[in-house]
Amino acid sequence: MENKFGSRPNRERIQNALSLLFKTIDTQPGKRGIILEISEQDKFIIFSDQHKGARDYADDFSLAEPNYIQALEYYNKENFHYINLGDSEELWENLLESVINHNKETFEMEKRFLKRGAFIKVFGNHDLYWDNDPLAGLNLMRIYGKKIPIYEGVILKIEIKHQLLNIFLTHGHQGDLQSDGNWFSKWFVSTVWAPLQSYLQINPNTPAYDNQLKTVHNNMMYNWQAEQKNTALITGHTHQPVFASLTHLERLYLELQQANASHNQALIAQLNAELKLTVAAGADPPELKTYKPGYFNSGCCCFSDGDITGIEIENGFIRLIKWSFKKSGSPERILLEEMPLDNLLDG
């Protein structure tokens, strides 16, 4: 019901919103966003969509908190910069005071990056409060112990092979009527969905790295990026990890196409076996075109299995990583995908 009446992603509206934000930051850095000129030695971790709540059954973050805390411990020790890419706090479903009271440990971990001057906070649609409420600055000071700026986007500029690569980061809700200030979505989430989710004790977010085709919204984000020159785009918002413009399922299908073309029977059998586990019987494979590898989605930190996903940038590489405690019983970092940053240049 909420999707039907609230969500109407429109390619032109989304592309115009992204273009305006990128141009504003690039030409007038400051209030809407900042530019960081970085080198291949700089290290960044990007997490989004924690949706920190009040530790009730509507709190999607509660299962993921141990992985998130251990991940921040690791990245702080390794001197990463942390870009928090929006929807960090679930302020559609919860009062701010409840979120603050039930997430003191996670805020303390984030403060460690702030003390090093290595913390950037971007707002999303579920924590839009940080951008538009007159008391937001005072409450941020309560949480972090100092006044911090809130941005809509960030542009990382890095020189690679004598070319300038722009890495544009934003939450990704821009231009989507379901999320970009839509009153019906906010009313539905706070009044209908949150109480129902708490009563039924459910988390609707599929497990991390789930095998799906890209959502319509992610495809529209990709379409914007594909029209840019030497510019990569990293968003969150959809809770669906995307690496180099592909979901895991899409990558499997493309690898199967290549294996069939080269008559690699062993690889064909391996890929078909994996697809059989993840795709409904009789389902037709999608028609996949050749994608530019410049669109990424960090996924989320509130999957139903407690896993979290994020994007790392380090030593000239970009990576999709997962933190999970399913194998060893304690949180551990798992590398899912990686590629050199120079692959994002248009040549």
# chains A, B, ... in the order shown; residues from 1 in each chain; ligands from 1
call {"tool": "closest_atom_pairs", "arguments": {"of": "region 227-295 of chain A", "to": "region 77-96 of chain A", "cutoff": "10 Å", "atoms": "only C-alpha atoms", "output": "Markdown table"}}
result
| residue | atom | partner | partner_atom | distance |
| --- | --- | --- | --- | --- |
| A:Ile234 | CA | A:Leu85 | CA | 9.1 |
| A:Thr235 | CA | A:Leu85 | CA | 7.3 |
| A:Gly236 | CA | A:Leu85 | CA | 6.7 |
| A:His237 | CA | A:Asp87 | CA | 7.6 |
call {"tool": "residues_around", "arguments": {"residues": "Arg142 (chain A)", "least_positions_apart": "4", "cutoff": "12 Å", "atoms": "only C-alpha atoms", "output": "MDAnalysis selection string"}}
result
chainID A and resid 96:97 100:101 104 107:108 111 135:138 146:148
call {"tool": "closest_residue", "arguments": {"among": "A:Tyr209, A:Phe123, A:Tyr253, A:Tyr291", "to": "Arg32 (chain A)", "atoms": "only C-alpha atoms"}}
result
A:Phe123
call {"tool": "closest_residue", "arguments": {"among": "A:His217, A:His239, A:Lys23, A:His248", "to": "Cys301 (chain A)", "atoms": "only C-alpha atoms"}}
result
A:His239
call {"tool": "closest_residue", "arguments": {"among": "A:Leu114, A:Leu277, A:Ala261, A:Ile313", "to": "Asn211 (chain A)", "atoms": "only C-alpha atoms"}}
result
A:Leu277
call {"tool": "atom_distance", "arguments": {"atom1": "CA of Val242 (chain A)", "atom2": "CA of Glu159 (chain A)"}}
result
24.1 Å
call {"tool": "residues_around", "arguments": {"residues": "Leu36 (chain A)", "least_positions_apart": "4", "cutoff": "7 Å", "atoms": "only C-alpha atoms", "output": "ChimeraX atom specification"}}
result
/A:155-157
call {"tool": "closest_residue", "arguments": {"among": "A:Glu227, A:Asp42, A:Glu37, A:Asp133", "to": "Tyr295 (chain A)", "atoms": "only C-alpha atoms"}}
result
A:Glu227
call {"tool": "select_by_dssp", "arguments": {"residues": "region 102-283 of chain A", "states": "helix (DSSP H, G or I)", "output": "JSON, numbers by chain"}}
result
{"A": [102, 104, 105, 106, 107, 108, 109, 110, 111, 112, 113, 114, 115, 129, 130, 131, 132, 136, 137, 138, 139, 140, 141, 142, 143, 144, 183, 184, 185, 186, 187, 188, 189, 190, 191, 192, 193, 194, 195, 196, 197, 198, 199, 200, 216, 217, 218, 219, 220, 221, 222, 223, 224, 225, 226, 248, 249, 250, 251, 252, 253, 254, 255, 256, 257, 258, 259, 260, 261, 262, 265, 266, 267, 268, 269, 270, 271, 272, 273, 274, 275, 276, 277, 278]}
call {"tool": "residues_around", "arguments": {"residues": "Leu164 (chain A)", "least_positions_apart": "6", "cutoff": "10 Å", "atoms": "only C-alpha atoms", "output": "ChimeraX atom specification"}}
result
/A:157-158,229-231,345
call {"tool": "write_last_selection", "arguments": {"atoms": "C-alpha atoms", "output": "compact mmCIF listing (two decimals), in the first residue's frame"}}
result
# COMPACT_ATOMS: atom_id res chain seq x y z
CA LYS A 157 38.77 13.70 -5.72
CA ILE A 158 41.72 11.44 -6.42
CA LYS A 229 32.80 11.31 -17.11
CA ASN A 230 35.38 9.88 -14.67
CA THR A 231 32.80 9.93 -11.89
CA LEU A 345 38.23 5.89 -15.23
call {"tool": "closest_residue", "arguments": {"among": "A:Gly33, A:Gly117, A:Pro241, A:Gly294", "to": "Gln228 (chain A)", "atoms": "only C-alpha atoms"}}
result
A:Gly294
call {"tool": "closest_residue", "arguments": {"among": "A:Leu165, A:Met221, A:Ala259, A:Ile69", "to": "Gln50 (chain A)", "atoms": "only C-alpha atoms"}}
result
A:Ile69
call {"tool": "atom_distance", "arguments": {"atom1": "CA of Gln212 (chain A)", "atom2": "CA of Glu152 (chain A)"}}
result
27.9 Å
call {"tool": "decode", "arguments": {"residues": "region 204-227 of chain A", "atoms": "N, CA and C atoms", "output": "PDB file, in the first residue's frame"}}
result
ATOM      1  N   PRO A 204      12.062  -6.853   7.804  1.00  0.00           N
ATOM      2  CA  PRO A 204      11.814  -7.087   6.387  1.00  0.00           C
ATOM      3  C   PRO A 204      13.069  -7.074   5.527  1.00  0.00           C
ATOM      4  N   ASN A 205      14.208  -6.702   6.090  1.00  0.00           N
ATOM      5  CA  ASN A 205      15.423  -6.597   5.289  1.00  0.00           C
ATOM      6  C   ASN A 205      16.007  -7.983   5.047  1.00  0.00           C
ATOM      7  N   THR A 206      16.168  -8.333   3.769  1.00  0.00           N
ATOM      8  CA  THR A 206      16.687  -9.652   3.422  1.00  0.00           C
ATOM      9  C   THR A 206      18.139  -9.782   3.862  1.00  0.00           C
ATOM     10  N   PRO A 207      18.646 -11.014   4.024  1.00  0.00           N
ATOM     11  CA  PRO A 207      20.024 -11.182   4.482  1.00  0.00           C
ATOM     12  C   PRO A 207      21.034 -10.481   3.587  1.00  0.00           C
ATOM     13  N   ALA A 208      22.170 -10.147   4.179  1.00  0.00           N
ATOM     14  CA  ALA A 208      23.217  -9.432   3.454  1.00  0.00           C
ATOM     15  C   ALA A 208      23.659 -10.202   2.227  1.00  0.00           C
ATOM     16  N   TYR A 209      23.911  -9.440   1.146  1.00  0.00           N
ATOM     17  CA  TYR A 209      24.412 -10.027  -0.102  1.00  0.00           C
ATOM     18  C   TYR A 209      23.384 -10.969  -0.713  1.00  0.00           C
ATOM     19  N   ASP A 210      22.108 -10.717  -0.446  1.00  0.00           N
ATOM     20  CA  ASP A 210      21.050 -11.550  -1.005  1.00  0.00           C
ATOM     21  C   ASP A 210      21.089 -11.460  -2.528  1.00  0.00           C
ATOM     22  N   ASN A 211      20.673 -12.538  -3.176  1.00  0.00           N
ATOM     23  CA  ASN A 211      20.767 -12.619  -4.634  1.00  0.00           C
ATOM     24  C   ASN A 211      19.510 -12.053  -5.276  1.00  0.00           C
ATOM     25  N   GLN A 212      19.585 -10.829  -5.707  1.00  0.00           N
ATOM     26  CA  GLN A 212      18.470 -10.163  -6.354  1.00  0.00           C
ATOM     27  C   GLN A 212      18.974  -9.348  -7.534  1.00  0.00           C
ATOM     28  N   LEU A 213      18.058  -9.067  -8.456  1.00  0.00           N
ATOM     29  CA  LEU A 213      18.357  -8.094  -9.490  1.00  0.00           C
ATOM     30  C   LEU A 213      18.238  -6.702  -8.886  1.00  0.00           C
ATOM     31  N   LYS A 214      18.895  -5.742  -9.507  1.00  0.00           N
ATOM     32  CA  LYS A 214      18.860  -4.393  -8.972  1.00  0.00           C
ATOM     33  C   LYS A 214      17.430  -3.863  -8.913  1.00  0.00           C
ATOM     34  N   THR A 215      17.140  -3.108  -7.849  1.00  0.00           N
ATOM     35  CA  THR A 215      15.852  -2.443  -7.752  1.00  0.00           C
ATOM     36  C   THR A 215      15.744  -1.367  -8.829  1.00  0.00           C
ATOM     37  N   VAL A 216      14.516  -0.943  -9.084  1.00  0.00           N
ATOM     38  CA  VAL A 216      14.292   0.137 -10.051  1.00  0.00           C
ATOM     39  C   VAL A 216      15.079   1.378  -9.635  1.00  0.00           C
ATOM     40  N   HIS A 217      15.073   1.670  -8.334  1.00  0.00           N
ATOM     41  CA  HIS A 217      15.766   2.869  -7.860  1.00  0.00           C
ATOM     42  C   HIS A 217      17.276   2.756  -8.087  1.00  0.00           C
ATOM     43  N   ASN A 218      17.854   1.601  -7.797  1.00  0.00           N
ATOM     44  CA  ASN A 218      19.282   1.422  -8.049  1.00  0.00           C
ATOM     45  C   ASN A 218      19.600   1.536  -9.530  1.00  0.00           C
ATOM     46  N   ASN A 219      18.729   1.042 -10.389  1.00  0.00           N
ATOM     47  CA  ASN A 219      18.949   1.179 -11.824  1.00  0.00           C
ATOM     48  C   ASN A 219      18.959   2.639 -12.247  1.00  0.00           C
ATOM     49  N   MET A 220      18.092   3.437 -11.641  1.00  0.00           N
ATOM     50  CA  MET A 220      18.057   4.864 -11.981  1.00  0.00           C
ATOM     51  C   MET A 220      19.312   5.566 -11.491  1.00  0.00           C
ATOM     52  N   MET A 221      19.820   5.159 -10.336  1.00  0.00           N
ATOM     53  CA  MET A 221      21.088   5.714  -9.871  1.00  0.00           C
ATOM     54  C   MET A 221      22.213   5.353 -10.840  1.00  0.00           C
ATOM     55  N   TYR A 222      22.211   4.098 -11.283  1.00  0.00           N
ATOM     56  CA  TYR A 222      23.219   3.676 -12.253  1.00  0.00           C
ATOM     57  C   TYR A 222      23.106   4.493 -13.539  1.00  0.00           C
ATOM     58  N   ASN A 223      21.894   4.735 -14.002  1.00  0.00           N
ATOM     59  CA  ASN A 223      21.712   5.477 -15.250  1.00  0.00           C
ATOM     60  C   ASN A 223      22.319   6.874 -15.167  1.00  0.00           C
ATOM     61  N   TRP A 224      22.215   7.514 -13.991  1.00  0.00           N
ATOM     62  CA  TRP A 224      22.847   8.825 -13.829  1.00  0.00           C
ATOM     63  C   TRP A 224      24.364   8.686 -13.917  1.00  0.00           C
ATOM     64  N   GLN A 225      24.911   7.736 -13.183  1.00  0.00           N
ATOM     65  CA  GLN A 225      26.359   7.566 -13.158  1.00  0.00           C
ATOM     66  C   GLN A 225      26.913   7.255 -14.547  1.00  0.00           C
ATOM     67  N   ALA A 226      26.196   6.449 -15.309  1.00  0.00           N
ATOM     68  CA  ALA A 226      26.691   6.018 -16.618  1.00  0.00           C
ATOM     69  C   ALA A 226      26.867   7.185 -17.588  1.00  0.00           C
ATOM     70  N   GLU A 227      26.190   8.294 -17.306  1.00  0.00           N
ATOM     71  CA  GLU A 227      26.292   9.455 -18.188  1.00  0.00           C
ATOM     72  C   GLU A 227      27.398  10.423 -17.769  1.00  0.00           C
TER      73      GLU A 227
END
